[in-house]
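Here is the file upload10.cif (mmCIF, C-alpha atoms).
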```cif
data_data
loop_
_atom_site.label_atom_id
_atom_site.label_comp_id
_atom_site.auth_asym_id
_atom_site.auth_seq_id
_atom_site.Cartn_x
_atom_site.Cartn_y
_atom_site.Cartn_z
CA MET A 18 -15.18 -15.54 48.62
CA ASP A 19 -18.61 -16.62 49.82
CA LYS A 20 -21.10 -18.68 47.83
CA SER A 21 -23.15 -15.69 46.59
CA GLU A 22 -20.03 -14.00 45.21
CA GLU A 23 -18.97 -17.24 43.49
CA GLU A 24 -22.41 -17.45 41.87
CA LYS A 25 -22.13 -13.83 40.66
CA LEU A 26 -18.67 -14.52 39.27
CA SER A 27 -19.93 -17.62 37.48
CA THR A 28 -22.82 -15.63 35.99
CA PHE A 29 -20.47 -12.90 34.74
CA ARG A 30 -18.16 -15.47 33.18
CA ASP A 31 -21.09 -17.10 31.41
CA GLN A 32 -22.07 -13.69 30.05
CA ILE A 33 -18.52 -13.08 28.82
CA ASP A 34 -18.50 -16.48 27.11
CA GLU A 35 -21.78 -15.66 25.37
CA ILE A 36 -20.50 -12.26 24.22
CA ASP A 37 -17.27 -13.86 22.95
CA SER A 38 -19.33 -16.30 20.87
CA GLN A 39 -21.31 -13.40 19.42
CA LEU A 40 -18.11 -11.48 18.67
CA LEU A 41 -16.62 -14.50 16.92
CA GLY A 42 -19.62 -14.70 14.63
CA LEU A 43 -19.54 -10.96 13.92
CA PHE A 44 -15.79 -11.00 13.24
CA ASN A 45 -16.21 -13.79 10.71
CA ASN A 46 -19.20 -12.05 9.12
CA ARG A 47 -17.05 -8.96 8.65
CA ALA A 48 -14.23 -11.07 7.20
CA GLU A 49 -16.59 -12.72 4.70
CA ILE A 50 -17.82 -9.33 3.50
CA ALA A 51 -14.22 -8.13 3.19
CA GLN A 52 -13.51 -11.13 0.96
CA MET A 53 -16.51 -10.19 -1.21
CA VAL A 54 -15.13 -6.66 -1.52
CA ALA A 55 -11.78 -8.12 -2.58
CA GLU A 56 -13.41 -10.20 -5.32
CA ILE A 57 -15.13 -7.11 -6.74
CA LYS A 58 -11.84 -5.18 -6.68
CA LYS A 59 -10.00 -8.00 -8.45
CA ALA A 60 -12.74 -8.40 -11.07
CA HIS A 61 -12.76 -4.71 -11.96
CA GLY A 62 -9.11 -3.87 -11.37
CA GLY A 63 -8.14 -4.19 -15.03
CA ASP A 64 -4.62 -3.03 -15.74
CA GLU A 65 -4.65 -0.53 -12.90
CA LEU A 66 -3.12 -1.16 -9.50
CA THR A 67 -5.76 -2.85 -7.35
CA VAL A 68 -5.65 -1.12 -3.96
CA PHE A 69 -6.41 -3.16 -0.86
CA TYR A 70 -4.99 -0.69 1.66
CA ARG A 71 -7.30 2.32 1.88
CA PRO A 72 -6.07 4.69 4.60
CA ASP A 73 -8.86 7.14 3.76
CA ARG A 74 -11.54 4.49 4.32
CA GLU A 75 -9.82 3.18 7.47
CA ALA A 76 -9.64 6.71 8.89
CA GLN A 77 -13.38 7.13 8.30
CA ILE A 78 -14.10 3.83 10.07
CA LEU A 79 -11.96 4.72 13.09
CA ASP A 80 -13.39 8.25 13.34
CA ARG A 81 -16.93 6.83 13.30
CA ILE A 82 -16.11 4.18 15.91
CA ARG A 83 -14.40 6.70 18.20
CA ALA A 84 -17.38 9.03 18.00
CA ALA A 85 -19.74 6.18 18.94
CA ASN A 86 -17.57 4.88 21.79
CA ARG A 87 -19.10 5.41 25.23
CA GLY A 88 -16.50 3.47 27.24
CA PRO A 89 -15.23 2.07 29.46
CA LEU A 90 -12.66 1.27 26.74
CA SER A 91 -10.62 4.36 25.82
CA SER A 92 -10.26 5.67 22.27
CA THR A 93 -6.69 4.36 22.24
CA GLN A 94 -7.85 0.86 23.20
CA ILE A 95 -10.66 0.97 20.64
CA ASP A 96 -8.18 2.08 17.97
CA HIS A 97 -5.91 -0.85 18.76
CA LEU A 98 -8.74 -3.39 18.62
CA PHE A 99 -10.19 -2.13 15.36
CA LYS A 100 -6.85 -1.62 13.62
CA GLU A 101 -5.99 -5.27 14.26
CA LEU A 102 -9.47 -6.33 13.10
CA ILE A 103 -9.09 -4.28 9.91
CA ALA A 104 -5.62 -5.76 9.37
CA CYS A 105 -6.95 -9.31 9.80
CA CYS A 106 -9.68 -8.70 7.22
CA ARG A 107 -7.20 -7.01 4.86
CA SER A 108 -4.92 -10.05 5.03
CA LEU A 109 -7.79 -12.16 3.66
CA GLU A 110 -8.12 -9.75 0.73
CA GLN A 111 -4.40 -9.60 -0.03
CA GLN A 112 -1.21 -10.06 1.96
CA ILE A 113 0.72 -6.82 1.68
CA THR A 114 4.42 -6.27 2.31
CA ILE A 115 5.75 -3.28 4.22
CA ALA A 116 9.33 -2.05 3.88
CA TYR A 117 10.68 -0.07 6.81
CA LEU A 118 13.92 1.46 8.05
CA GLY A 119 15.44 -1.39 10.03
CA PRO A 120 16.82 -3.42 11.55
CA ALA A 121 14.18 -5.11 13.68
CA GLY A 122 13.66 -3.53 17.07
CA THR A 123 13.43 0.08 15.90
CA TYR A 124 10.60 2.53 16.41
CA THR A 125 10.02 2.41 12.65
CA GLU A 126 9.18 -1.29 12.95
CA ALA A 127 6.81 -0.44 15.81
CA ALA A 128 5.21 2.21 13.58
CA ALA A 129 4.76 -0.35 10.78
CA LEU A 130 3.01 -2.77 13.13
CA LYS A 131 0.84 -0.02 14.60
CA GLN A 132 -0.29 1.12 11.15
CA PHE A 133 -0.68 -2.25 9.40
CA GLY A 134 -1.22 -4.71 12.24
CA HIS A 135 0.86 -7.68 13.31
CA LEU A 136 -0.21 -9.85 10.37
CA ALA A 137 1.52 -7.65 7.78
CA LEU A 138 4.68 -8.97 6.17
CA THR A 139 7.54 -6.60 6.98
CA ARG A 140 10.96 -6.15 5.42
CA ALA A 141 13.70 -4.39 7.37
CA LEU A 142 16.03 -2.36 5.15
CA MET A 143 19.20 -0.61 6.15
CA SER A 144 18.62 2.88 4.73
CA ILE A 145 15.81 5.28 3.92
CA ASP A 146 16.93 5.29 0.28
CA GLU A 147 16.45 1.51 0.14
CA VAL A 148 12.90 1.81 1.48
CA PHE A 149 12.05 4.26 -1.31
CA ARG A 150 13.64 2.05 -3.99
CA GLU A 151 11.92 -1.08 -2.67
CA VAL A 152 8.46 0.48 -3.01
CA GLU A 153 9.25 2.21 -6.31
CA ALA A 154 10.27 -1.16 -7.79
CA GLY A 155 7.08 -2.83 -6.53
CA SER A 156 9.04 -5.27 -4.35
CA SER A 157 7.04 -4.00 -1.35
CA ASN A 158 3.55 -2.52 -1.40
CA TYR A 159 4.28 0.28 1.04
CA GLY A 160 7.15 1.79 2.97
CA ILE A 161 7.42 3.51 6.34
CA VAL A 162 10.07 6.12 7.10
CA PRO A 163 10.55 8.75 9.82
CA VAL A 164 10.09 12.32 8.60
CA GLU A 165 10.38 14.58 11.64
CA ASN A 166 10.91 14.61 15.37
CA THR A 167 9.62 17.16 17.87
CA THR A 168 13.15 17.59 19.26
CA ASP A 169 15.35 17.44 16.16
CA GLY A 170 13.09 18.56 13.35
CA MET A 171 13.04 17.11 9.84
CA VAL A 172 14.80 13.86 8.94
CA LYS A 173 17.03 15.13 6.13
CA HIS A 174 17.43 11.78 4.33
CA THR A 175 13.66 11.39 4.01
CA ALA A 176 13.31 14.96 2.76
CA ASP A 177 16.00 14.43 0.13
CA CYS A 178 14.35 11.22 -1.11
CA LEU A 179 10.94 12.92 -1.34
CA MET A 180 12.44 15.54 -3.68
CA PHE A 181 13.24 13.02 -6.40
CA SER A 182 10.81 10.13 -5.83
CA ASP A 183 7.47 9.63 -7.57
CA LEU A 184 6.05 7.85 -4.51
CA LYS A 185 3.04 9.37 -2.77
CA ILE A 186 2.50 9.95 0.93
CA CYS A 187 -0.47 7.71 1.79
CA ALA A 188 -0.72 8.17 5.55
CA GLU A 189 1.06 9.56 8.58
CA LEU A 190 1.29 8.48 12.20
CA GLU A 191 2.96 9.78 15.33
CA MET A 192 4.75 7.69 17.92
CA PRO A 193 5.87 8.80 21.40
CA ILE A 194 9.61 8.18 21.68
CA HIS A 195 11.11 7.10 24.99
CA GLN A 196 14.81 6.36 25.11
CA ALA A 197 16.39 3.77 27.38
CA PHE A 198 19.99 3.06 28.39
CA LEU A 199 20.72 -0.57 27.50
CA VAL A 200 23.66 -2.70 28.64
CA PRO A 201 24.54 -6.41 28.30
CA ARG A 202 22.80 -8.64 30.82
CA ASP A 203 26.06 -9.77 32.43
CA GLN A 204 27.73 -6.34 32.41
CA GLU A 205 25.32 -4.19 34.40
CA GLU A 206 28.04 -3.06 36.79
CA GLU A 207 30.81 -2.65 34.21
CA ASN A 208 32.23 0.79 33.42
CA VAL A 209 30.83 2.17 30.19
CA GLU A 210 33.55 3.27 27.78
CA ILE A 211 31.49 3.91 24.65
CA ILE A 212 27.82 4.65 23.97
CA TYR A 213 26.25 3.73 20.63
CA SER A 214 23.04 5.16 19.19
CA HIS A 215 21.52 6.87 16.17
CA GLU A 216 22.63 10.50 15.89
CA GLN A 217 19.12 11.79 16.62
CA SER A 218 18.80 9.70 19.78
CA LEU A 219 22.16 10.96 21.02
CA ALA A 220 20.93 14.51 20.42
CA GLN A 221 17.66 13.81 22.23
CA CYS A 222 19.56 12.67 25.34
CA ARG A 223 22.34 15.27 25.23
CA THR A 224 21.71 16.78 28.67
CA TRP A 225 21.23 13.40 30.37
CA LEU A 226 24.46 12.08 28.87
CA ARG A 227 26.39 15.19 29.90
CA THR A 228 25.16 14.76 33.48
CA ASN A 229 25.49 10.99 33.86
CA TYR A 230 28.29 10.00 31.48
CA PRO A 231 30.48 13.08 30.99
CA GLY A 232 33.50 12.45 28.79
CA VAL A 233 32.35 9.00 27.64
CA GLN A 234 32.79 8.46 23.90
CA GLN A 235 29.58 8.62 21.86
CA GLN A 236 29.41 6.83 18.50
CA ALA A 237 26.58 7.45 16.03
CA VAL A 238 25.41 4.40 14.07
CA SER A 239 22.74 3.73 11.43
CA SER A 240 19.92 2.91 13.86
CA ASN A 241 19.19 2.29 17.53
CA ALA A 242 18.73 -1.42 16.85
CA ALA A 243 22.16 -1.50 15.20
CA ALA A 244 23.49 0.11 18.37
CA ALA A 245 21.87 -2.60 20.49
CA LYS A 246 23.41 -5.30 18.29
CA LEU A 247 26.86 -3.74 18.61
CA VAL A 248 26.55 -3.61 22.40
CA SER A 249 25.52 -7.27 22.55
CA GLU A 250 28.84 -8.12 20.87
CA SER A 251 31.01 -5.76 22.93
CA VAL A 252 32.45 -5.23 26.40
CA GLY A 253 32.19 -1.88 28.15
CA ALA A 254 29.57 -0.56 25.74
CA ALA A 255 26.01 0.72 26.13
CA ALA A 256 23.24 1.66 23.71
CA ILE A 257 20.56 4.31 23.71
CA ALA A 258 17.44 2.81 22.14
CA GLY A 259 13.82 2.03 22.77
CA GLU A 260 13.06 -0.74 25.25
CA ILE A 261 11.82 -2.85 22.33
CA ALA A 262 15.45 -3.30 21.27
CA ALA A 263 16.51 -4.92 24.56
CA LYS A 264 15.00 -8.40 24.29
CA PRO A 265 16.18 -9.36 20.76
CA TYR A 266 19.79 -8.63 21.74
CA ASN A 267 19.72 -9.97 25.32
CA LEU A 268 20.24 -6.55 26.89
CA VAL A 269 18.78 -5.09 30.05
CA VAL A 270 17.33 -1.64 30.68
CA LYS A 271 19.58 0.19 33.12
CA TYR A 272 17.76 3.55 32.87
CA ARG A 273 14.38 4.46 31.38
CA ASN A 274 13.01 7.65 29.83
CA ILE A 275 16.37 9.37 29.56
CA GLU A 276 15.31 11.74 26.76
CA ASP A 277 15.68 15.43 27.60
CA SER A 278 12.13 16.24 26.44
CA LEU A 279 9.38 14.00 27.80
CA ASP A 280 7.07 15.17 25.00
CA ASN A 281 9.30 13.56 22.39
CA LYS A 282 7.43 12.27 19.33
CA THR A 283 8.43 11.12 15.87
CA ARG A 284 6.19 11.47 12.84
CA PHE A 285 6.30 8.68 10.27
CA LEU A 286 5.10 8.61 6.67
CA VAL A 287 3.53 5.70 4.80
CA LEU A 288 4.72 5.72 1.18
CA GLY A 289 2.92 4.09 -1.73
CA ARG A 290 2.49 4.27 -5.48
CA GLU A 291 -1.10 5.54 -5.58
CA ASP A 292 -3.02 8.63 -4.52
CA VAL A 293 -5.35 8.42 -1.52
CA GLY A 294 -8.92 9.70 -1.65
CA PRO A 295 -10.42 12.22 0.80
CA SER A 296 -11.22 11.00 4.31
CA GLY A 297 -12.83 14.21 5.55
CA ARG A 298 -9.90 14.97 7.88
CA ASP A 299 -6.90 15.33 5.61
CA LYS A 300 -3.51 16.92 5.24
CA THR A 301 -1.61 17.72 2.04
CA SER A 302 2.17 17.94 1.63
CA ILE A 303 3.80 19.84 -1.21
CA LEU A 304 7.31 20.74 -2.27
CA VAL A 305 7.84 24.25 -3.67
CA SER A 306 10.86 25.82 -5.31
CA THR A 307 10.88 29.62 -5.47
CA ARG A 308 12.68 32.07 -7.68
CA ASN A 309 15.69 33.71 -6.05
CA GLU A 310 14.16 37.18 -5.77
CA PRO A 311 12.67 39.41 -3.04
CA GLY A 312 9.16 38.45 -1.95
CA ALA A 313 9.19 35.05 -3.69
CA LEU A 314 8.28 33.05 -0.57
CA PHE A 315 5.63 35.59 0.43
CA ARG A 316 3.92 35.18 -2.96
CA VAL A 317 3.87 31.39 -2.44
CA LEU A 318 2.33 31.64 1.03
CA GLU A 319 -0.12 34.50 0.40
CA PRO A 320 -2.80 32.34 -1.34
CA PHE A 321 -3.02 30.08 1.74
CA HIS A 322 -3.72 33.11 3.95
CA ARG A 323 -6.25 34.57 1.51
CA HIS A 324 -8.16 31.28 1.22
CA ASN A 325 -7.96 30.65 5.00
CA ILE A 326 -5.97 27.41 4.64
CA SER A 327 -4.12 26.45 7.83
CA LEU A 328 -0.41 25.63 7.44
CA SER A 329 1.07 23.10 9.88
CA ARG A 330 4.69 23.05 8.67
CA ILE A 331 7.14 24.99 6.51
CA GLU A 332 10.68 23.67 6.23
CA ALA A 333 13.53 24.63 3.91
CA ARG A 334 16.09 22.22 2.44
CA PRO A 335 18.95 22.72 -0.03
CA SER A 336 17.60 21.90 -3.49
CA LYS A 337 20.50 19.58 -4.51
CA MET A 338 20.24 21.14 -7.97
CA SER A 339 22.47 24.20 -7.62
CA SER A 340 24.38 26.02 -4.88
CA TRP A 341 22.49 28.26 -2.46
CA THR A 342 19.05 27.38 -3.78
CA TYR A 343 16.35 25.94 -1.55
CA VAL A 344 13.06 24.10 -1.72
CA PHE A 345 10.29 24.39 0.83
CA PHE A 346 8.28 21.51 2.27
CA ILE A 347 4.82 22.76 3.19
CA ASP A 348 2.05 20.85 5.01
CA PHE A 349 -1.48 22.22 5.22
CA ASP A 350 -5.03 21.17 6.05
CA GLY A 351 -7.24 19.81 3.27
CA HIS A 352 -7.17 17.41 0.32
CA HIS A 353 -5.79 18.29 -3.11
CA GLU A 354 -9.02 17.08 -4.77
CA SER A 355 -11.15 19.72 -3.00
CA GLU A 356 -12.00 22.84 -4.98
CA ALA A 357 -10.50 25.19 -2.39
CA ILE A 358 -7.15 23.40 -2.37
CA ARG A 359 -7.12 23.08 -6.17
CA ASN A 360 -7.55 26.86 -6.44
CA VAL A 361 -4.75 27.52 -3.95
CA LEU A 362 -2.35 25.14 -5.70
CA THR A 363 -3.09 26.74 -9.07
CA GLU A 364 -2.18 30.15 -7.65
CA VAL A 365 0.98 28.76 -6.03
CA GLU A 366 2.02 27.10 -9.27
CA ASN A 367 1.72 30.44 -11.08
CA VAL A 368 4.26 32.13 -8.78
CA ALA A 369 6.61 29.22 -7.96
CA SER A 370 9.39 27.91 -10.16
CA GLU A 371 8.34 24.35 -9.29
CA LEU A 372 5.43 22.73 -7.43
CA LYS A 373 5.25 19.05 -6.56
CA THR A 374 2.34 17.51 -4.66
CA LEU A 375 3.76 14.82 -2.39
CA GLY A 376 0.35 13.49 -1.37
CA SER A 377 -2.92 14.07 0.46
CA TYR A 378 -3.66 11.69 3.31
CA PRO A 379 -5.60 11.33 6.59
CA LYS A 380 -4.19 13.32 9.49
CA ALA A 381 -2.50 11.39 12.25
CA ASP A 382 -4.76 10.49 15.17
CA ASP A 383 -4.86 13.15 17.86
#
```
This structure in structure tokens:
Amino acid sequence: MDKSEEEKLSTFRDQIDEIDSQLLGLFNNRAEIAQMVAEIKKAHGGDELTVFYRPDREAQILDRIRAANRGPLSSTQIDHLFKELIACCRSLEQQITIAYLGPAGTYTEAAALKQFGHLALTRALMSIDEVFREVEAGSSNYGIVPVENTTDGMVKHTADCLMFSDLKICAELEMPIHQAFLVPRDQEEENVEIIYSHEQSLAQCRTWLRTNYPGVQQQAVSSNAAAAKLVSESVGAAAIAGEIAAKPYNLVVKYRNIEDSLDNKTRFLVLGREDVGPSGRDKTSILVSTRNEPGALFRVLEPFHRHNISLSRIEARPSKMSSWTYVFFIDFDGHHESEAIRNVLTEVENVASELKTLGSYPKADD
């Protein structure tokens, strides 16, 4: 590097230092204003639940920032920066606790950190039911659970809990899922006699397993992280899990991206005890029970068509109330506070045997 290039480099570094100083001041200015907002909320909260996590407001901020972004940072990079900034400011207002389907090292933990930032307090629980109970009891402010996967469809345990819980869906997010084949660090060349993983992960890698490990025993366990823990304590075992599960259990990645579908994503729900206001880009989830008679489902769906409301999901589940009866989970565009959606839901309620609004919330980022 010649002298002129060294001078240019020094000038650029000085400029970066100056910008960093400006950013520091702006970050702290934002934090101070966030603290003022918190004081107003606390002063006027009364007996009602004072809400410091506002997914509708955060979605509006991120949409505005993305629209204004001219690069070279990508929208994904901008999202990451501002989500952490928002999380830092939120932690000054109130430290919130997030319950998630554990143990540590699962994609659900990664979803919790993506949604709430790395400063959030997290609690790993061993079942989806426990996550619901934890939030219902007020022991955690919010919960995160998986609800559907592009390969395997709806997560039945989450659906069953949504039927009977009073919790509201506050937000959703999608995570790309890449499965890895993990083995103990000192057993990379050992023969694999058993493969542990969550039942959905085993299903997502069915073809790869049939090709590479035909005849090897497969054992479903409660989570991929639990599989990694079992392998760390075993000989001749391997786990299918995300790469994030390797380090905590001293495992190594023998094969990457072994899922049969490379466009494998899981959708997660954020659960809370309060409704979320409109963000301008919302989705609503409802649960509908129909009468056991011809045309019952058609009469439920017809108002959506007539009012030009776009449906994004319809899924049936056994009702758990009586044999051979079903409920339908329906997702559609819009917020339940809007006049159009209120009119549709009124019509649906008139023809359904039961209607339950699970929540309106900002759509997951594209």
Find, counting only C-alpha atoms, the residue in A:Cys178, A:Ser355, A:Val248, A:Pro320 that gets nearest to Leu304 (chain A).
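Checking each of A:Cys178, A:Ser355, A:Val248, A:Pro320 against Leu304 (chain A), counting only C-alpha atoms, the winner is A:Cys178.
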Between CA of Ser327 (chain A) and CA of Asp183 (chain A) lies a distance of 25.6 Å
When you count all atoms listed in the file, which of these residues is closest to Glu110 (chain A): A:Ala243, A:Val293, A:Ala51, A:Ile95?
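So, comparing all the options, the nearest one is A:Ala51.
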Quick one: apply the PyMOL selection byres ((chain A and resi 257-271) around 7) to the file and drop the selected residues here as a PyMOL selection string.
chain A and resi 122-123+195-202+213-214+218+241-242+245-246+249+255-256+272-273
Would you output that residue set with C-alpha atoms, as an mmCIF file, keeping the file's coordinate frame?
```cif
data_model
loop_
_atom_site.group_PDB
_atom_site.id
_atom_site.type_symbol
_atom_site.label_atom_id
_atom_site.label_comp_id
_atom_site.auth_asym_id
_atom_site.auth_seq_id
_atom_site.Cartn_x
_atom_site.Cartn_y
_atom_site.Cartn_z
ATOM 1 C CA GLY A 122 13.660 -3.530 17.070
ATOM 2 C CA THR A 123 13.430 0.080 15.900
ATOM 3 C CA HIS A 195 11.110 7.100 24.990
ATOM 4 C CA GLN A 196 14.810 6.360 25.110
ATOM 5 C CA ALA A 197 16.390 3.770 27.380
ATOM 6 C CA PHE A 198 19.990 3.060 28.390
ATOM 7 C CA LEU A 199 20.720 -0.570 27.500
ATOM 8 C CA VAL A 200 23.660 -2.700 28.640
ATOM 9 C CA PRO A 201 24.540 -6.410 28.300
ATOM 10 C CA ARG A 202 22.800 -8.640 30.820
ATOM 11 C CA TYR A 213 26.250 3.730 20.630
ATOM 12 C CA SER A 214 23.040 5.160 19.190
ATOM 13 C CA SER A 218 18.800 9.700 19.780
ATOM 14 C CA ASN A 241 19.190 2.290 17.530
ATOM 15 C CA ALA A 242 18.730 -1.420 16.850
ATOM 16 C CA ALA A 245 21.870 -2.600 20.490
ATOM 17 C CA LYS A 246 23.410 -5.300 18.290
ATOM 18 C CA SER A 249 25.520 -7.270 22.550
ATOM 19 C CA ALA A 255 26.010 0.720 26.130
ATOM 20 C CA ALA A 256 23.240 1.660 23.710
ATOM 21 C CA TYR A 272 17.760 3.550 32.870
ATOM 22 C CA ARG A 273 14.380 4.460 31.380
#
```
When the PyMOL selection byres ((chain A and resi 152) around 10) is applied to the file above, which residues end up in the set, as number ranges by chain?
A: 114-116, 147-151, 153-161, 184, 288-290
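Between Arg107 (chain A) and the residues A:Leu286, A:Ala137, A:Ala313, A:Leu247, the shortest atom-to-atom distance, using only C-alpha atoms, involves A:Ala137.
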Asp73 (chain A): which residues within 12 Å, counting only C-alpha atoms, same-chain residues fewer than 4 positions away excluded, as an NGL selection string?
:A and (68-69 or 77-80 or 187-189 or 292-300 or 352 or 377-381)
Expansion of the PyMOL selection byres ((chain A and resi 118) around 7) into residues, as number ranges by chain
A: 117, 119-120, 125, 141-145, 148, 162
Would you mind telling me which residue in A:Asn208, A:Gln234, A:Gln112, A:Ser306 lies nearest to Leu136 (chain A) when using all atoms listed in the file?
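Smallest separation from Leu136 (chain A) among the options: A:Gln112.
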Using all atoms listed in the file for the distances, tell me which of A:Arg334, A:Phe321, A:Leu375, A:His174 is nearest to Val361 (chain A).
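Closest to Val361 (chain A), using all atoms listed in the file: A:Phe321.
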If you measure from CA of Phe29 (chain A) to CA of Gly88 (chain A), what distance in Å do you get, rounded to one decimal?
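According to the coordinates, CA of Phe29 (chain A) and CA of Gly88 (chain A) are separated by 18.4 Å.
Atom pair CA of Pro163 (chain A) / CA of Tyr343 (chain A) has a distance of 21.4 Å (rounded to one decimal).
Taking all atoms listed in the file into account, Asp348 (chain A) lies nearest to A:Thr301 out of the set A:Thr301, A:Ile82, A:Thr363, A:Lys173.
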So which residues touch His215 (chain A) within 7 Å, counting all atoms listed in the file, skipping near sequence neighbours fewer than 3 positions away, as number ranges by chain?
A: 218-219, 237-241
Could you turn the residues from that selection into a file that holds C-alpha atoms, as a CSV table (one decimal), keeping the file's coordinate frame?
```csv
chain,number,residue,atom,x,y,z
A,218,SER,CA,18.8,9.7,19.8
A,219,LEU,CA,22.2,11.0,21.0
A,237,ALA,CA,26.6,7.4,16.0
A,238,VAL,CA,25.4,4.4,14.1
A,239,SER,CA,22.7,3.7,11.4
A,240,SER,CA,19.9,2.9,13.9
A,241,ASN,CA,19.2,2.3,17.5
```
Can you pull out every residue within 6 Å of Val164 (chain A), counting only C-alpha atoms, but drop anything in the same chain fewer than 2 positions away, and send it as an mmCIF file with C-alpha atoms, in the frame of the given file?
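Output (part_1.cif):
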```cif
data_model
loop_
_atom_site.group_PDB
_atom_site.id
_atom_site.type_symbol
_atom_site.label_atom_id
_atom_site.label_comp_id
_atom_site.auth_asym_id
_atom_site.auth_seq_id
_atom_site.Cartn_x
_atom_site.Cartn_y
_atom_site.Cartn_z
ATOM 1 C CA MET A 171 13.040 17.110 9.840
ATOM 2 C CA VAL A 172 14.800 13.860 8.940
ATOM 3 C CA THR A 175 13.660 11.390 4.010
ATOM 4 C CA ARG A 284 6.190 11.470 12.840
ATOM 5 C CA PHE A 285 6.300 8.680 10.270
#
```
For the structure just given, write the atoms of region 151-179 of chain A, namely C-alpha atoms, as a PDB file, in the first residue's frame.
```pdb
ATOM      1  CA  GLU A 151     -46.643 -20.005  31.596  1.00  0.00           C
ATOM      2  CA  VAL A 152     -48.053 -17.015  29.714  1.00  0.00           C
ATOM      3  CA  GLU A 153     -51.620 -17.579  30.909  1.00  0.00           C
ATOM      4  CA  ALA A 154     -50.386 -17.487  34.517  1.00  0.00           C
ATOM      5  CA  GLY A 155     -48.426 -14.276  33.915  1.00  0.00           C
ATOM      6  CA  SER A 156     -45.109 -15.958  34.752  1.00  0.00           C
ATOM      7  CA  SER A 157     -43.831 -14.891  31.317  1.00  0.00           C
ATOM      8  CA  ASN A 158     -44.980 -11.907  29.286  1.00  0.00           C
ATOM      9  CA  TYR A 159     -45.067 -13.713  25.956  1.00  0.00           C
ATOM     10  CA  GLY A 160     -44.591 -17.160  24.494  1.00  0.00           C
ATOM     11  CA  ILE A 161     -43.284 -18.427  21.168  1.00  0.00           C
ATOM     12  CA  VAL A 162     -44.422 -21.720  19.648  1.00  0.00           C
ATOM     13  CA  PRO A 163     -44.197 -23.292  16.177  1.00  0.00           C
ATOM     14  CA  VAL A 164     -47.533 -23.473  14.363  1.00  0.00           C
ATOM     15  CA  GLU A 165     -46.826 -24.842  10.889  1.00  0.00           C
ATOM     16  CA  ASN A 166     -44.094 -26.029   8.576  1.00  0.00           C
ATOM     17  CA  THR A 167     -44.032 -25.849   4.791  1.00  0.00           C
ATOM     18  CA  THR A 168     -43.201 -29.571   4.620  1.00  0.00           C
ATOM     19  CA  ASP A 169     -45.303 -31.076   7.410  1.00  0.00           C
ATOM     20  CA  GLY A 170     -48.198 -28.677   7.809  1.00  0.00           C
ATOM     21  CA  MET A 171     -49.786 -27.649  11.091  1.00  0.00           C
ATOM     22  CA  VAL A 172     -48.191 -28.400  14.471  1.00  0.00           C
ATOM     23  CA  LYS A 173     -51.045 -30.321  16.088  1.00  0.00           C
ATOM     24  CA  HIS A 174     -50.081 -29.583  19.713  1.00  0.00           C
ATOM     25  CA  THR A 175     -50.159 -25.833  19.077  1.00  0.00           C
ATOM     26  CA  ALA A 176     -53.518 -26.113  17.309  1.00  0.00           C
ATOM     27  CA  ASP A 177     -55.001 -28.081  20.202  1.00  0.00           C
ATOM     28  CA  CYS A 178     -53.784 -25.520  22.751  1.00  0.00           C
ATOM     29  CA  LEU A 179     -55.205 -22.632  20.710  1.00  0.00           C
TER      30      LEU A 179
END
```
